[in-house]
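S.K.: Can you read through this structure? Questions will come right after.
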Amino acid sequence: MRGLLIDISQRWRLHPQVALRPEPFGALLYHFGTRRLSFLKNRTIVAVIESLPDHPDLRAALTASGVGGDDEGPYLHALGVLAESDMLVPA
Amino acid sequence: MSAPARVPRLIEQFERGLDAPICLTWELTYACNLACVHCLSSSGKRDPRELSTDQCKAIIDELQRMQVFYVNIGGGEPTVRPDFWELVDYATAHQVGVKFSTNGVRITPEVAARLAASDYVDVQISIDGATADVNDAVRGPGSFDMAVRALENLSAAGFRDAKISVVVTRENVGQLDDFAALADRFGATLRITRLRPSGRGADVWDQLHPTAEQQKQLYDWLVANGERVLTGDSFFHLSGLGKPGALSGLNMCGAGRVVCLIDPVGDVYACPFAIHDRFLAGNVLTDSVNGADGFENVWKNSALFTELRSPQSAGACGSCGHYDSCRGGCMAAKFFTGLPLDGPDPECVQGYGEPALAGRREVPRPRADHSRTVLLTLARPPAKSPAKPCNESPI
């Protein structure tokens with residue numbers, strides 16, 4: 001998977017116009033500004049995103065949710081897509 | 001996020017239903033100044049039981065609690081409700097974005113300026129021909145000019161990215177590039193959707209639905225232009241014409257799973273194309289289960305939606321190699337053409353719909369008809385119209 005880069009030493013947060021709706025499979029993210037809808041396809045990435053305010057940087061948020069090593073790639077890609085589409089912004 | 005291999009699993013999740021709809025259509029009134037021949041909701045006259053302003057606001061409160069991020073408001077012609085703008089303002093003030101469909105009748109320069117100042121309202125202008133003759137044959141005399149005037153007003157007021165919403169028919173399928181050009185002219189986005197045999201559409205579907213040959217043209221056009229055109233996931237019945245994933249969107253029937261309709265009297269149906277008892281899940285005012293009531297109760301507890309969220313039989317389509325692409329097509333299209341729900345779509349791209357349509361079938365009548373007594377009849381197609389049904393090969 002080609003990675004979209006996201007800076008893991010940076011602190012991130014949801015864009016203020018983005019709402020997160022939990023669902024059995026994960027969550028929906030909706031950006032009221034761009035009207036874009038994204039799907040978070042598992043609970044772990046939901047936990048990472050919900051915990052962003054509690055951590056000084058993305059690395060710490062990932063570690064706290066148990067994401068590391070070989071697992072990390074798809075999460076960094078997904079988070080990179082969210083940053084690219086303005087769902088996540090630097091805090 | 002969007003790794004292709006994982007998408008089917010998400011669809012399976014969606015087929016089991018979500019805690020709240022993703023795409024909710026809310027028809028605010030059956031009243032309409034037009035009398036389009038293919039109206040899905042057989043609109044015309046207001047229903048005296050239509051929800052009051054306060055009842056509508058209570059629904060909006062509920063949608064906010066359920067985190068339904070936006071509603072697609074339609075009708076009838078929703079802007080003729082005297083409290084329309086009040087309800088739009090109430091929704092957007094309560095984290096419920098609004099996209100409304102209109103024929104343009106009330107989009108004056110003043111209204112356009114007001115819309116341009118709002119961040120959370122999208123406007124969709126319905127046009128069913130890229131030229132007045134093709135459009136007005138379906139939507140009535142003067143309706144093309146009215147829609148274009150609305151687009152001009154929006155554009156002049158600085159409203160960005162209006163939508164032009166087109167129902168694809170046998171008469172306008174050759175105008176897709178012209179629609180795209182019309183959208184470009186106003187800085188708008190083109191949205192095209194499928195003609196359904198629902199409401200008054202049942203009466204004209206045989207004459208107006210695209211021919212098999214036109215379906216292929218439409219498919220090719222969508223694959224070539226899909227990135228800049230919205231479809232509301234309307235054409236998943238065409239998926240079998242090409243590679244899986246070639247059509248953008250989820251390509252599944254979301255009825256009762258991720259989609260539903262609230263009608264002007266508070267009845268909740270599985271989808272906007274299914275206004276019939278068979279697809280009536282309940283009513284937001286009168287139904288309650290174990291103390292739960294309102295829309296959320298209907299969405300979560302209705303017997304119909306529970307049934308739709310359980311595994312569906314592929315029926316006669318089970319042995320077809322394309323079932324994974326089209327999933328048997330559109331439930332409403334089958335129902336309103338009198339075909340079994342677990343059989344092929346009437347516009348099945350493998351051709352299984354045609355013999356099914358030729359066989360014995362009983363077409364169900366609509367549950368409610370709010371048409372005005374004097375109706376527009378389908379005007380004679382314009383002289384340059386494409387092939388007539390009788391020119392098609394009967395094989």
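Chain labels follow the order of the structure tokens: the first chain is A, the next B, and so on; residue numbering restarts at 1 in every chain, and ligands are counted from 1 in their shown order.
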Quick one: which residues from chain A are at most 9 Å off chain B, using only C-alpha atoms, as a list in words?
M.R.: Met1, Ala19, Leu20, Arg21, Pro22, Glu23, Pro24, Phe25, Leu28, Tyr30, His31, Phe32, Gly33, Arg35, Ser38, Phe39, Leu40, Lys41, Pro74, Tyr75, His77, Ala78, Leu79, Val81 and Leu82 of chain A
S.K.: For those residues, write N, CA, C and O atoms to a file as a JSON list (two decimals), in the first residue's frame.
M.R.:
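As written to disk, out05.json reads:
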```json
[["chain", "number", "residue", "atom", "x", "y", "z"],
["A", 1, "MET", "N", 0.85, -1.19, 0.00],
["A", 1, "MET", "CA", 0.00, 0.00, 0.00],
["A", 1, "MET", "C", 0.88, 1.25, 0.00],
["A", 1, "MET", "O", 1.75, 1.41, 0.86],
["A", 19, "ALA", "N", -17.87, 15.68, 12.37],
["A", 19, "ALA", "CA", -18.56, 14.93, 13.43],
["A", 19, "ALA", "C", -18.27, 13.45, 13.25],
["A", 19, "ALA", "O", -18.14, 12.96, 12.13],
["A", 20, "LEU", "N", -18.17, 12.75, 14.38],
["A", 20, "LEU", "CA", -17.90, 11.31, 14.36],
["A", 20, "LEU", "C", -19.12, 10.59, 14.94],
["A", 20, "LEU", "O", -19.60, 10.93, 16.02],
["A", 21, "ARG", "N", -19.65, 9.65, 14.17],
["A", 21, "ARG", "CA", -20.80, 8.87, 14.64],
["A", 21, "ARG", "C", -20.41, 7.40, 14.78],
["A", 21, "ARG", "O", -20.13, 6.75, 13.77],
["A", 22, "PRO", "N", -20.40, 6.88, 16.01],
["A", 22, "PRO", "CA", -20.05, 5.47, 16.19],
["A", 22, "PRO", "C", -21.08, 4.56, 15.52],
["A", 22, "PRO", "O", -22.27, 4.87, 15.47],
["A", 23, "GLU", "N", -20.60, 3.47, 14.97],
["A", 23, "GLU", "CA", -21.45, 2.45, 14.35],
["A", 23, "GLU", "C", -20.90, 1.09, 14.73],
["A", 23, "GLU", "O", -19.74, 1.00, 15.13],
["A", 24, "PRO", "N", -21.69, 0.03, 14.58],
["A", 24, "PRO", "CA", -21.20, -1.30, 14.97],
["A", 24, "PRO", "C", -19.87, -1.67, 14.31],
["A", 24, "PRO", "O", -19.02, -2.32, 14.90],
["A", 25, "PHE", "N", -19.67, -1.24, 13.06],
["A", 25, "PHE", "CA", -18.44, -1.63, 12.37],
["A", 25, "PHE", "C", -17.26, -0.72, 12.67],
["A", 25, "PHE", "O", -16.13, -1.03, 12.32],
["A", 28, "LEU", "N", -18.70, 6.59, 11.36],
["A", 28, "LEU", "CA", -18.77, 7.48, 10.20],
["A", 28, "LEU", "C", -18.15, 8.82, 10.60],
["A", 28, "LEU", "O", -18.34, 9.27, 11.73],
["A", 30, "TYR", "N", -18.20, 12.77, 9.21],
["A", 30, "TYR", "CA", -18.81, 13.66, 8.22],
["A", 30, "TYR", "C", -18.24, 15.06, 8.39],
["A", 30, "TYR", "O", -18.17, 15.57, 9.51],
["A", 31, "HIS", "N", -17.83, 15.63, 7.28],
["A", 31, "HIS", "CA", -17.27, 16.98, 7.29],
["A", 31, "HIS", "C", -18.35, 17.93, 6.77],
["A", 31, "HIS", "O", -18.73, 17.87, 5.60],
["A", 32, "PHE", "N", -18.86, 18.76, 7.64],
["A", 32, "PHE", "CA", -19.95, 19.65, 7.27],
["A", 32, "PHE", "C", -19.51, 20.72, 6.26],
["A", 32, "PHE", "O", -20.34, 21.27, 5.55],
["A", 33, "GLY", "N", -18.22, 20.99, 6.20],
["A", 33, "GLY", "CA", -17.74, 21.98, 5.25],
["A", 33, "GLY", "C", -17.60, 21.41, 3.85],
["A", 33, "GLY", "O", -18.15, 21.95, 2.89],
["A", 35, "ARG", "N", -18.66, 18.41, 2.92],
["A", 35, "ARG", "CA", -19.75, 17.44, 2.70],
["A", 35, "ARG", "C", -19.22, 16.03, 2.47],
["A", 35, "ARG", "O", -19.91, 15.18, 1.92],
["A", 38, "SER", "N", -16.67, 9.81, 5.42],
["A", 38, "SER", "CA", -15.66, 8.75, 5.41],
["A", 38, "SER", "C", -16.07, 7.67, 6.40],
["A", 38, "SER", "O", -16.80, 7.92, 7.35],
["A", 39, "PHE", "N", -15.59, 6.47, 6.15],
["A", 39, "PHE", "CA", -15.92, 5.34, 7.01],
["A", 39, "PHE", "C", -14.67, 4.89, 7.74],
["A", 39, "PHE", "O", -13.64, 4.66, 7.12],
["A", 40, "LEU", "N", -14.78, 4.80, 9.04],
["A", 40, "LEU", "CA", -13.70, 4.19, 9.82],
["A", 40, "LEU", "C", -14.10, 2.73, 10.01],
["A", 40, "LEU", "O", -15.12, 2.44, 10.62],
["A", 41, "LYS", "N", -13.26, 1.84, 9.48],
["A", 41, "LYS", "CA", -13.74, 0.47, 9.31],
["A", 41, "LYS", "C", -13.44, -0.46, 10.47],
["A", 41, "LYS", "O", -13.72, -1.65, 10.39],
["A", 74, "PRO", "N", -1.30, 0.20, 7.58],
["A", 74, "PRO", "CA", -2.65, 0.57, 7.15],
["A", 74, "PRO", "C", -3.24, 1.73, 7.95],
["A", 74, "PRO", "O", -4.00, 2.55, 7.40],
["A", 75, "TYR", "N", -2.87, 1.82, 9.22],
["A", 75, "TYR", "CA", -3.41, 2.93, 10.04],
["A", 75, "TYR", "C", -2.82, 4.26, 9.61],
["A", 75, "TYR", "O", -3.52, 5.26, 9.50],
["A", 77, "HIS", "N", -1.70, 4.92, 6.70],
["A", 77, "HIS", "CA", -2.29, 5.23, 5.39],
["A", 77, "HIS", "C", -3.67, 5.86, 5.59],
["A", 77, "HIS", "O", -3.99, 6.91, 5.03],
["A", 78, "ALA", "N", -4.49, 5.21, 6.41],
["A", 78, "ALA", "CA", -5.86, 5.70, 6.63],
["A", 78, "ALA", "C", -5.84, 7.10, 7.24],
["A", 78, "ALA", "O", -6.57, 7.99, 6.80],
["A", 79, "LEU", "N", -4.97, 7.30, 8.21],
["A", 79, "LEU", "CA", -4.89, 8.62, 8.85],
["A", 79, "LEU", "C", -4.38, 9.66, 7.86],
["A", 79, "LEU", "O", -4.81, 10.82, 7.87],
["A", 81, "VAL", "N", -4.96, 9.60, 4.64],
["A", 81, "VAL", "CA", -6.10, 9.93, 3.78],
["A", 81, "VAL", "C", -7.00, 10.95, 4.48],
["A", 81, "VAL", "O", -7.48, 11.91, 3.87],
["A", 82, "LEU", "N", -7.19, 10.75, 5.78],
["A", 82, "LEU", "CA", -8.07, 11.67, 6.54],
["A", 82, "LEU", "C", -7.45, 13.07, 6.62],
["A", 82, "LEU", "O", -8.14, 14.07, 6.55]]
```
S.K.: With only C-alpha atoms as the counted atoms, please give the residues lying no more than 7 Å from Val229 (chain B), apart from itself and same-chain residues fewer than 2 positions off, as an mmCIF file with N, CA, C and O atoms, in the first residue's frame.
M.R.:
```cif
data_model
loop_
_atom_site.group_PDB
_atom_site.id
_atom_site.type_symbol
_atom_site.label_atom_id
_atom_site.label_comp_id
_atom_site.auth_asym_id
_atom_site.auth_seq_id
_atom_site.Cartn_x
_atom_site.Cartn_y
_atom_site.Cartn_z
ATOM 1 N N THR B 189 -22.797 21.144 -10.284
ATOM 2 C CA THR B 189 -22.422 19.740 -10.416
ATOM 3 C C THR B 189 -23.621 18.969 -10.942
ATOM 4 O O THR B 189 -24.750 19.190 -10.494
ATOM 5 N N LEU B 190 -23.347 18.085 -11.886
ATOM 6 C CA LEU B 190 -24.426 17.284 -12.453
ATOM 7 C C LEU B 190 -24.683 16.051 -11.593
ATOM 8 O O LEU B 190 -23.755 15.390 -11.129
ATOM 9 N N ARG B 191 -25.953 15.775 -11.365
ATOM 10 C CA ARG B 191 -26.347 14.559 -10.650
ATOM 11 C C ARG B 191 -27.361 13.857 -11.531
ATOM 12 O O ARG B 191 -28.341 14.474 -11.952
ATOM 13 N N ASN B 225 -17.104 9.429 -17.102
ATOM 14 C CA ASN B 225 -17.329 10.739 -16.477
ATOM 15 C C ASN B 225 -17.645 10.672 -14.994
ATOM 16 O O ASN B 225 -17.971 11.690 -14.377
ATOM 17 N N GLY B 226 -17.574 9.451 -14.429
ATOM 18 C CA GLY B 226 -18.063 9.226 -13.063
ATOM 19 C C GLY B 226 -17.488 10.149 -12.014
ATOM 20 O O GLY B 226 -18.169 10.498 -11.049
ATOM 21 N N GLU B 227 -16.252 10.576 -12.214
ATOM 22 C CA GLU B 227 -15.593 11.377 -11.182
ATOM 23 C C GLU B 227 -16.279 12.713 -10.947
ATOM 24 O O GLU B 227 -16.274 13.232 -9.843
ATOM 25 N N THR B 231 -24.404 10.328 -8.585
ATOM 26 C CA THR B 231 -25.472 9.417 -9.032
ATOM 27 C C THR B 231 -26.342 8.930 -7.883
ATOM 28 O O THR B 231 -27.306 8.193 -8.133
#
```
S.K.: For Asp57 (chain A), which of A:Ala91, A:Leu14, A:Asn42, A:Leu5 is the closest residue, counting only C-alpha atoms?
M.R.: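 For Asp57 (chain A), the nearest of the candidates is A:Ala91.
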S.K.: Just list as number ranges by chain whatever in region 124-359 of chain B DSSP marks as strand (DSSP E).
M.R.: B: 124-126, 163-168, 189-194, 229-230, 259-262, 267-269, 280-283, 288-289, 292-293
S.K.: Okay, now the selection with C-alpha atoms, as a PDB file, in the first residue's frame?
M.R.:
```pdb
ATOM      1  CA  GLN B 124     -30.550  20.681  -6.230  1.00  0.00           C
ATOM      2  CA  ILE B 125     -32.496  21.911  -9.246  1.00  0.00           C
ATOM      3  CA  SER B 126     -34.448  19.267 -11.131  1.00  0.00           C
ATOM      4  CA  LYS B 163     -26.579  20.558  -8.253  1.00  0.00           C
ATOM      5  CA  ILE B 164     -28.501  19.897 -11.443  1.00  0.00           C
ATOM      6  CA  SER B 165     -30.541  16.768 -10.889  1.00  0.00           C
ATOM      7  CA  VAL B 166     -31.553  14.738 -13.911  1.00  0.00           C
ATOM      8  CA  VAL B 167     -33.659  11.603 -14.146  1.00  0.00           C
ATOM      9  CA  VAL B 168     -32.255   9.664 -17.094  1.00  0.00           C
ATOM     10  CA  THR B 189     -22.422  19.740 -10.416  1.00  0.00           C
ATOM     11  CA  LEU B 190     -24.426  17.284 -12.453  1.00  0.00           C
ATOM     12  CA  ARG B 191     -26.347  14.559 -10.650  1.00  0.00           C
ATOM     13  CA  ILE B 192     -28.090  11.874 -12.670  1.00  0.00           C
ATOM     14  CA  THR B 193     -30.412   9.235 -11.289  1.00  0.00           C
ATOM     15  CA  ARG B 194     -32.392   6.295 -12.502  1.00  0.00           C
ATOM     16  CA  VAL B 229     -20.992  13.286 -11.753  1.00  0.00           C
ATOM     17  CA  LEU B 230     -23.107  12.360  -8.750  1.00  0.00           C
ATOM     18  CA  VAL B 259     -31.434   4.840   3.482  1.00  0.00           C
ATOM     19  CA  CYS B 260     -35.062   5.644   4.178  1.00  0.00           C
ATOM     20  CA  LEU B 261     -37.818   8.146   3.471  1.00  0.00           C
ATOM     21  CA  ILE B 262     -39.984  10.192   5.815  1.00  0.00           C
ATOM     22  CA  ASP B 267     -44.827   7.749   7.393  1.00  0.00           C
ATOM     23  CA  VAL B 268     -41.426   6.094   7.102  1.00  0.00           C
ATOM     24  CA  TYR B 269     -40.711   4.064   3.980  1.00  0.00           C
ATOM     25  CA  LEU B 280     -44.075   1.166   4.986  1.00  0.00           C
ATOM     26  CA  ALA B 281     -42.060   0.713   8.177  1.00  0.00           C
ATOM     27  CA  GLY B 282     -44.144   2.872  10.506  1.00  0.00           C
ATOM     28  CA  ASN B 283     -45.101   6.402  11.427  1.00  0.00           C
ATOM     29  CA  SER B 288     -44.087   3.239  19.652  1.00  0.00           C
ATOM     30  CA  VAL B 289     -42.352   0.137  20.987  1.00  0.00           C
ATOM     31  CA  ALA B 292     -39.601   4.286  22.434  1.00  0.00           C
ATOM     32  CA  ASP B 293     -41.252   6.378  19.765  1.00  0.00           C
TER      33      ASP B 293
END
```
S.K.: Between CA of Glu15 (chain B) and CA of Phe335 (chain B), what is the distance in Å, rounded to a tenth?
M.R.: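 Computed distance, CA of Glu15 (chain B) to CA of Phe335 (chain B), equals 19.5 Å.
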S.K.: Pick out the residues sitting within 12 Å of Glu50 (chain A), and hand them over as a PDB file with N, CA, C and O atoms, in the first residue's frame; count only C-alpha atoms, and ignore anything fewer than 3 positions along from it in its own chain.
M.R.:
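File produced: result22.pdb:
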```pdb
ATOM      1  N   TRP A  12      -2.542  15.892  16.297  1.00  0.00           N
ATOM      2  CA  TRP A  12      -3.638  16.063  15.347  1.00  0.00           C
ATOM      3  C   TRP A  12      -4.967  16.123  16.081  1.00  0.00           C
ATOM      4  O   TRP A  12      -5.087  15.676  17.225  1.00  0.00           O
ATOM      5  N   ARG A  13      -5.965  16.644  15.381  1.00  0.00           N
ATOM      6  CA  ARG A  13      -7.327  16.612  15.926  1.00  0.00           C
ATOM      7  C   ARG A  13      -8.316  16.580  14.768  1.00  0.00           C
ATOM      8  O   ARG A  13      -7.948  16.859  13.622  1.00  0.00           O
ATOM      9  N   LEU A  14      -9.555  16.229  15.083  1.00  0.00           N
ATOM     10  CA  LEU A  14     -10.581  16.308  14.053  1.00  0.00           C
ATOM     11  C   LEU A  14     -10.803  17.771  13.698  1.00  0.00           C
ATOM     12  O   LEU A  14     -10.773  18.644  14.565  1.00  0.00           O
ATOM     13  N   ALA A  19     -17.870  15.683  12.371  1.00  0.00           N
ATOM     14  CA  ALA A  19     -18.556  14.931  13.426  1.00  0.00           C
ATOM     15  C   ALA A  19     -18.271  13.450  13.254  1.00  0.00           C
ATOM     16  O   ALA A  19     -18.140  12.956  12.132  1.00  0.00           O
ATOM     17  N   LEU A  20     -18.167  12.754  14.379  1.00  0.00           N
ATOM     18  CA  LEU A  20     -17.904  11.308  14.365  1.00  0.00           C
ATOM     19  C   LEU A  20     -19.118  10.591  14.936  1.00  0.00           C
ATOM     20  O   LEU A  20     -19.596  10.929  16.016  1.00  0.00           O
ATOM     21  N   ARG A  21     -19.649   9.646  14.173  1.00  0.00           N
ATOM     22  CA  ARG A  21     -20.798   8.868  14.637  1.00  0.00           C
ATOM     23  C   ARG A  21     -20.410   7.403  14.781  1.00  0.00           C
ATOM     24  O   ARG A  21     -20.129   6.750  13.774  1.00  0.00           O
ATOM     25  N   PRO A  22     -20.403   6.883  16.006  1.00  0.00           N
ATOM     26  CA  PRO A  22     -20.051   5.470  16.190  1.00  0.00           C
ATOM     27  C   PRO A  22     -21.076   4.564  15.515  1.00  0.00           C
ATOM     28  O   PRO A  22     -22.266   4.875  15.475  1.00  0.00           O
ATOM     29  N   GLY A  26     -17.524   0.447  13.252  1.00  0.00           N
ATOM     30  CA  GLY A  26     -16.475   1.445  13.451  1.00  0.00           C
ATOM     31  C   GLY A  26     -17.124   2.800  13.656  1.00  0.00           C
ATOM     32  O   GLY A  26     -17.702   3.059  14.698  1.00  0.00           O
ATOM     33  N   ALA A  27     -17.051   3.642  12.642  1.00  0.00           N
ATOM     34  CA  ALA A  27     -17.694   4.948  12.765  1.00  0.00           C
ATOM     35  C   ALA A  27     -17.817   5.613  11.401  1.00  0.00           C
ATOM     36  O   ALA A  27     -17.150   5.228  10.437  1.00  0.00           O
ATOM     37  N   LEU A  29     -17.453   9.415   9.659  1.00  0.00           N
ATOM     38  CA  LEU A  29     -16.988  10.786   9.846  1.00  0.00           C
ATOM     39  C   LEU A  29     -17.666  11.631   8.786  1.00  0.00           C
ATOM     40  O   LEU A  29     -17.710  11.251   7.617  1.00  0.00           O
ATOM     41  N   LEU A  40     -14.776   4.797   9.039  1.00  0.00           N
ATOM     42  CA  LEU A  40     -13.705   4.187   9.824  1.00  0.00           C
ATOM     43  C   LEU A  40     -14.099   2.733  10.012  1.00  0.00           C
ATOM     44  O   LEU A  40     -15.121   2.435  10.621  1.00  0.00           O
ATOM     45  N   ARG A  43     -12.847  -0.617  15.100  1.00  0.00           N
ATOM     46  CA  ARG A  43     -12.940   0.120  16.360  1.00  0.00           C
ATOM     47  C   ARG A  43     -11.604   0.720  16.773  1.00  0.00           C
ATOM     48  O   ARG A  43     -11.561   1.724  17.484  1.00  0.00           O
ATOM     49  N   THR A  44     -10.519   0.086  16.328  1.00  0.00           N
ATOM     50  CA  THR A  44      -9.200   0.569  16.764  1.00  0.00           C
ATOM     51  C   THR A  44      -8.923   1.967  16.218  1.00  0.00           C
ATOM     52  O   THR A  44      -8.495   2.855  16.960  1.00  0.00           O
ATOM     53  N   ILE A  45      -9.225   2.157  14.943  1.00  0.00           N
ATOM     54  CA  ILE A  45      -8.931   3.486  14.383  1.00  0.00           C
ATOM     55  C   ILE A  45      -9.869   4.536  14.998  1.00  0.00           C
ATOM     56  O   ILE A  45      -9.483   5.687  15.195  1.00  0.00           O
ATOM     57  N   VAL A  46     -11.079   4.095  15.362  1.00  0.00           N
ATOM     58  CA  VAL A  46     -11.983   5.017  16.058  1.00  0.00           C
ATOM     59  C   VAL A  46     -11.367   5.423  17.398  1.00  0.00           C
ATOM     60  O   VAL A  46     -11.326   6.606  17.760  1.00  0.00           O
ATOM     61  N   ALA A  47     -10.833   4.420  18.110  1.00  0.00           N
ATOM     62  CA  ALA A  47     -10.217   4.699  19.413  1.00  0.00           C
ATOM     63  C   ALA A  47      -9.023   5.644  19.266  1.00  0.00           C
ATOM     64  O   ALA A  47      -8.853   6.576  20.059  1.00  0.00           O
ATOM     65  N   PRO A  53      -6.978  13.979  21.432  1.00  0.00           N
ATOM     66  CA  PRO A  53      -6.779  15.111  22.343  1.00  0.00           C
ATOM     67  C   PRO A  53      -5.988  14.758  23.609  1.00  0.00           C
ATOM     68  O   PRO A  53      -5.463  15.645  24.268  1.00  0.00           O
ATOM     69  N   ASP A  54      -5.926  13.443  23.927  1.00  0.00           N
ATOM     70  CA  ASP A  54      -5.267  13.032  25.166  1.00  0.00           C
ATOM     71  C   ASP A  54      -3.761  12.838  25.018  1.00  0.00           C
ATOM     72  O   ASP A  54      -3.092  12.499  25.985  1.00  0.00           O
ATOM     73  N   HIS A  55      -3.256  12.987  23.806  1.00  0.00           N
ATOM     74  CA  HIS A  55      -1.856  12.646  23.582  1.00  0.00           C
ATOM     75  C   HIS A  55      -1.100  13.802  22.943  1.00  0.00           C
ATOM     76  O   HIS A  55      -1.672  14.571  22.173  1.00  0.00           O
ATOM     77  N   LEU A  58       0.729  11.997  17.499  1.00  0.00           N
ATOM     78  CA  LEU A  58       0.039  10.840  16.928  1.00  0.00           C
ATOM     79  C   LEU A  58       0.702   9.531  17.361  1.00  0.00           C
ATOM     80  O   LEU A  58       0.032   8.533  17.628  1.00  0.00           O
ATOM     81  N   ALA A  61      -0.685   8.414  20.565  1.00  0.00           N
ATOM     82  CA  ALA A  61      -2.073   7.943  20.435  1.00  0.00           C
ATOM     83  C   ALA A  61      -2.107   6.535  19.857  1.00  0.00           C
ATOM     84  O   ALA A  61      -2.880   5.683  20.305  1.00  0.00           O
ATOM     85  N   LEU A  62      -1.256   6.282  18.852  1.00  0.00           N
ATOM     86  CA  LEU A  62      -1.211   4.950  18.247  1.00  0.00           C
ATOM     87  C   LEU A  62      -0.747   3.918  19.276  1.00  0.00           C
ATOM     88  O   LEU A  62      -1.346   2.853  19.424  1.00  0.00           O
ATOM     89  N   ALA A  64      -0.910   4.019  22.478  1.00  0.00           N
ATOM     90  CA  ALA A  64      -1.904   3.819  23.541  1.00  0.00           C
ATOM     91  C   ALA A  64      -3.037   2.893  23.091  1.00  0.00           C
ATOM     92  O   ALA A  64      -3.644   2.201  23.902  1.00  0.00           O
ATOM     93  N   SER A  65      -3.307   2.877  21.772  1.00  0.00           N
ATOM     94  CA  SER A  65      -4.348   1.977  21.269  1.00  0.00           C
ATOM     95  C   SER A  65      -3.755   0.644  20.810  1.00  0.00           C
ATOM     96  O   SER A  65      -4.449  -0.165  20.193  1.00  0.00           O
ATOM     97  N   LEU A  88      -8.747  15.416   9.406  1.00  0.00           N
ATOM     98  CA  LEU A  88      -7.822  15.639  10.507  1.00  0.00           C
ATOM     99  C   LEU A  88      -6.995  16.877  10.179  1.00  0.00           C
ATOM    100  O   LEU A  88      -6.590  17.066   9.042  1.00  0.00           O
TER     101      LEU A  88
END
```
S.K.: Set the distance at 9 Å and use only C-alpha atoms: which residues neighbour region 39-55 of chain B once local chain neighbours fewer than 4 positions away are removed? I'd like the list as a ChimeraX atom specification.
M.R.: /B:27-35,59-60,75-77,83-84,86-87,196-202,263-266,272-275,285,366,368-373
